[in-house]
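So the structure is just underneath, and the comments pick up after that.
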Amino acid sequence: MSTQTPPAAPPDARTHPGVVSADDRGLQRRGRDLLFAIATALRSLQLYPLENQTVVTALAELDFLTQDLLLGEEQITIRFVGDFFFVNDLRLRVDLQSYATYGTVGRALARHGIGELEVFRGATVPQWTALLALVNADPDPEDRFGAFLERLGRTAVLHLAVGPDRESEPDLRDEESRRMAKRAYAQTVAVAREVMGGMRMGKGVSLRPVKRAVQSIVDQVLSNETSIVGLTTLRDYDEYTFTHSVNVCIFSVALGKKLGLHKHQLYELGLGALLHDVGKARMPLELINKAGPLTQDEFEVLQEHPAEGLLSMFDMRGLAELPLRAMLMAYEHHMKVDQTGYPVSARPRDPTLFGRIVAVADGFDAATSKRSYQAQPWPPDRVLKEMRDNPARGFDPLLVKAFVSMTGIYPVGSVVILDTFELAIVCERSRLPDAMHQPIVQVIYDSMGVRVDPPRRLDLSETDPATGTPLRSIIKTTDPERYGIDVGDYFV
């Protein structure tokens, strides 16, 4: 009996660059065609007005190629690195014909500090037109990428996004990145205030500024997470309703990023998170602002706000553009995973993933904030422990675990006492995956109680080279009000 050696498995084209699969050949061709179309549209918009047939034809061709490519791809990610373009991590071949075209597109993007362009299903000709017009405009000499993002945020572009190139990507500790985060945060609080105020007065509310605000939050979380998450420590008592909505949006998007959601999913998640409490605009003001605990009757009235939020979204202009997921997040964020929350469903149902994410973000921010009926907020580490260990709270345990992994055991804004008796504020989680209990802190008072100005930054994962033991460790968290500390001051 003879034996035959089975044929060797074909090599993987991704790991063997000399072998190109049929899928890669198709992506090479369509990616090349898309970049040629972008170059043509950019040039046409420079030379002719929008109504010119050359511009109309160029944009129609770009739209056709975009939709064709998105038929087989969830999204399109175009990166420009050096002299090379990558489409969904596949490097495009360069020949004499394509070299000049790629360079034209690359230089146009690089003028604004852009190194990445993302295209999602739903991109339209008007959105391409708005984006390419901004690319053709003169860049801001002082803040190329930041200014471009701000201009893009003023448009209705929702399915095209940009990312910084490696050289212009902001240092998370520099003043410019903090300024961009503060601007995004302040603008989103203003939008939340406008939405809630408009709904309370019975006015129609446009979705366009809401979507622009969510875009800016998503962009900040993706490129500048430390700075934007730090601003959630502001928790303004007088504007709790609005800052809470923005904080829940930030925490939800950051958790979605941790879970690996792509950018368009993060937009939908952030939109629903920002609007999750709009139903409170239909609640009596004396109930929302009541000092002290609610009576049973008052609590039953307040329990209607998720359903009212769902209904109120039907009054928003641009409803056709509002994803169903956003409505469900408003409806589901108090349901609890075991269905013991509210509103009570007529038939058994499981809250959606996005609803469960918003529930975790909402629970954490609410418990760590000072509110009309909660004069003393809980320390962040205690809140995380309660959310993790008490099933009656009704949070998804896997999402809580991911949230703790995202924030660290001591979340940003926690005030801690070190074993050296120094007082510090947690400003960033550890960059080491096995050091969640050893965050990066700012020491604000020394062991003698003398204020340290400016605060001294310390990484608690640093060890003594001789013994391998940490140089400093956290003894416990403490109440910032006990020391007259406004945590938000250290992030603004």
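The chains in the structure tokens are called A, B, ... from first to last as shown; in each chain the residues are counted from 1, and the ligands are counted from 1 in the order shown.
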
With only C-alpha atoms as the counted atoms, please give the residues lying no more than 10 Å from Leu45 in chain A, apart from itself and same-chain residues fewer than 6 positions off, as a count of residues only. 10

Quick one: DSSP alpha helix (DSSP H) residues in range 384-477 of chain A, as an MDAnalysis selection string? chainID A and resid 384:389 397:407

Take the residues from that selection and write them out as a compact mmCIF listing (two decimals), in the first residue's frame, keeping C-alpha atoms.
```txt
# COMPACT_ATOMS: atom_id res chain seq x y z
CA LEU A 384 -16.27 50.09 41.44
CA LYS A 385 -16.17 47.51 44.25
CA GLU A 386 -19.92 47.87 44.84
CA MET A 387 -20.70 47.59 41.13
CA ARG A 388 -18.53 44.48 40.88
CA ASP A 389 -19.50 42.66 44.08
CA PRO A 397 -20.41 41.72 35.40
CA LEU A 398 -18.26 41.36 32.28
CA LEU A 399 -18.74 45.02 31.39
CA VAL A 400 -17.91 46.07 34.96
CA LYS A 401 -14.73 44.01 34.73
CA ALA A 402 -13.84 45.74 31.45
CA PHE A 403 -14.67 49.12 33.02
CA VAL A 404 -12.32 48.43 35.96
CA SER A 405 -9.64 47.37 33.48
CA MET A 406 -10.18 50.67 31.66
CA THR A 407 -10.12 52.94 34.73
```

What's around Trp378 in chain A at 12 Å? Count only C-alpha atoms, leave out sequence neighbours fewer than 2 positions away in its own chain, and write the answer as JSON, numbers by chain. {"A": [363, 364, 365, 366, 367, 368, 369, 370, 371, 374, 375, 376, 380, 381, 382, 383, 384, 385, 386, 387, 414, 415, 477, 478, 479, 480, 481]}

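Computed from the coordinates, the CA of Thr233 in chain A to CA of Val189 in chain A distance equals 13.8 Å.
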
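In this structure, CA of Ala424 in chain A sits 18.1 Å away from CA of Thr463 in chain A.
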
Fewer than 4 positions away in the same chain doesn't count, so skip those; otherwise give me all residues within 12 Å of Lys203 in chain A, counting only C-alpha atoms, as a compact mmCIF listing (two decimals) with all heavy atoms, in the first residue's frame.
```txt
# COMPACT_ATOMS: atom_id res chain seq x y z
N GLU A 194 -28.56 72.85 25.84
CA GLU A 194 -29.51 73.33 24.82
C GLU A 194 -30.59 72.28 24.54
O GLU A 194 -31.77 72.62 24.41
CB GLU A 194 -28.74 73.65 23.54
CG GLU A 194 -29.62 74.19 22.42
CD GLU A 194 -28.81 74.49 21.17
OE1 GLU A 194 -27.57 74.48 21.24
OE2 GLU A 194 -29.44 74.73 20.12
N VAL A 195 -30.19 71.01 24.47
CA VAL A 195 -31.16 69.95 24.19
C VAL A 195 -32.17 69.83 25.33
O VAL A 195 -33.39 69.80 25.10
CB VAL A 195 -30.43 68.61 23.97
CG1 VAL A 195 -31.43 67.45 23.98
CG2 VAL A 195 -29.67 68.63 22.65
N MET A 196 -31.66 69.75 26.55
CA MET A 196 -32.56 69.58 27.70
C MET A 196 -33.46 70.79 27.88
O MET A 196 -34.66 70.65 28.16
CB MET A 196 -31.74 69.33 28.97
CG MET A 196 -30.90 68.07 28.94
SD MET A 196 -31.85 66.54 28.98
CE MET A 196 -32.20 66.41 30.73
N GLY A 197 -32.89 71.99 27.69
CA GLY A 197 -33.69 73.20 27.83
C GLY A 197 -34.76 73.29 26.75
O GLY A 197 -35.92 73.64 27.03
N GLY A 198 -34.39 72.96 25.51
CA GLY A 198 -35.35 73.00 24.42
C GLY A 198 -36.48 72.02 24.62
O GLY A 198 -37.65 72.33 24.38
N MET A 199 -36.17 70.82 25.08
CA MET A 199 -37.22 69.81 25.30
C MET A 199 -38.13 70.21 26.45
O MET A 199 -39.33 70.00 26.40
CB MET A 199 -36.58 68.45 25.57
CG MET A 199 -36.00 67.81 24.32
SD MET A 199 -35.53 66.10 24.60
CE MET A 199 -35.37 65.52 22.90
N ALA A 281 -36.17 65.77 31.07
CA ALA A 281 -36.71 67.09 30.70
C ALA A 281 -38.22 67.12 30.82
O ALA A 281 -38.83 68.19 30.86
CB ALA A 281 -36.28 67.43 29.27
N SER A 312 -39.62 61.17 23.72
CA SER A 312 -39.21 62.54 23.39
C SER A 312 -38.30 62.58 22.17
O SER A 312 -38.23 63.60 21.47
CB SER A 312 -38.51 63.20 24.58
OG SER A 312 -37.29 62.53 24.88
N ASP A 315 -39.61 63.65 18.83
CA ASP A 315 -39.84 65.07 18.58
C ASP A 315 -38.59 65.78 18.07
O ASP A 315 -38.62 66.98 17.80
CB ASP A 315 -40.32 65.78 19.86
CG ASP A 315 -41.68 65.28 20.32
OD1 ASP A 315 -42.46 64.86 19.43
OD2 ASP A 315 -41.95 65.30 21.53
N MET A 316 -37.47 65.06 17.98
CA MET A 316 -36.22 65.69 17.55
C MET A 316 -36.17 65.75 16.03
O MET A 316 -36.49 64.79 15.34
CB MET A 316 -35.01 64.90 18.08
CG MET A 316 -34.94 64.85 19.60
SD MET A 316 -33.45 64.03 20.21
CE MET A 316 -32.24 65.33 19.98
N ARG A 317 -35.74 66.90 15.51
CA ARG A 317 -35.58 67.04 14.06
C ARG A 317 -34.44 66.16 13.58
O ARG A 317 -33.42 66.04 14.25
CB ARG A 317 -35.31 68.50 13.70
CG ARG A 317 -36.49 69.42 13.97
CD ARG A 317 -36.32 70.73 13.21
NE ARG A 317 -35.14 71.47 13.63
CZ ARG A 317 -35.10 72.31 14.65
NH1 ARG A 317 -36.20 72.51 15.36
NH2 ARG A 317 -34.01 72.95 14.96
```

List the spatial neighbours of range 392-394 of chain A as a PyMOL selection string - criterion: any atom at most 10 Å away, only C-alpha atoms, same-chain residues fewer than 5 positions off excluded. chain A and resi 334-341+356+359-360+363+386-387

Report the closest atom pair, with its distance in Å rounded to one decimal, for each residue of range 133-209 of chain A that has an atom no farther than 9 Å from range 483-492 of chain A; count only C-alpha atoms, sort by chain and then rising residue number, and write it as CSV.
```
residue,atom,partner,partner_atom,distance
A:Arg178,CA,A:Val492,CA,7.9
A:Arg179,CA,A:Val492,CA,8.7
A:Lys182,CA,A:Val492,CA,7.4
```

If we count only C-alpha atoms, what is near Asp453 in chain A at a cut-off of 10 Å, once residues fewer than 4 positions away on the same chain are taken out, given as number ranges by chain? A: 443-445

Emit the selected residues as a short mmCIF file (atom, residue, chain, number, x, y, z; two decimals), in the first residue's frame, including all heavy atoms.
```
data_model
loop_
_atom_site.label_atom_id
_atom_site.label_comp_id
_atom_site.auth_asym_id
_atom_site.auth_seq_id
_atom_site.Cartn_x
_atom_site.Cartn_y
_atom_site.Cartn_z
N VAL A 443 1.31 64.39 43.17
CA VAL A 443 1.41 64.68 44.61
C VAL A 443 1.10 66.15 44.81
O VAL A 443 1.75 67.03 44.23
CB VAL A 443 2.82 64.35 45.15
CG1 VAL A 443 2.94 64.78 46.60
CG2 VAL A 443 3.10 62.86 45.01
N ILE A 444 0.08 66.46 45.63
CA ILE A 444 -0.32 67.85 45.83
C ILE A 444 0.00 68.38 47.23
O ILE A 444 0.05 69.59 47.44
CB ILE A 444 -1.83 68.03 45.53
CG1 ILE A 444 -2.68 67.10 46.38
CG2 ILE A 444 -2.11 67.77 44.06
CD1 ILE A 444 -4.18 67.30 46.21
N TYR A 445 0.21 67.46 48.20
CA TYR A 445 0.68 67.86 49.53
C TYR A 445 1.76 66.87 49.97
O TYR A 445 1.60 65.66 49.78
CB TYR A 445 -0.47 67.84 50.55
CG TYR A 445 -1.43 69.00 50.40
CD1 TYR A 445 -2.61 68.85 49.67
CD2 TYR A 445 -1.16 70.24 50.98
CE1 TYR A 445 -3.49 69.91 49.51
CE2 TYR A 445 -2.05 71.30 50.82
CZ TYR A 445 -3.20 71.13 50.09
OH TYR A 445 -4.07 72.18 49.94
#
```

Using only C-alpha atoms, which protein or nucleic acid residues come within 8 Å of Phe354 in chain A? Drop anything in the same chain fewer than 5 positions from it, and give the result as a PyMOL selection string. chain A and resi 269+325+329

Among A:Leu287, A:Val162, A:Leu328, A:Leu42, Ala108 in chain A is approached most closely, using only C-alpha atoms, by A:Leu42
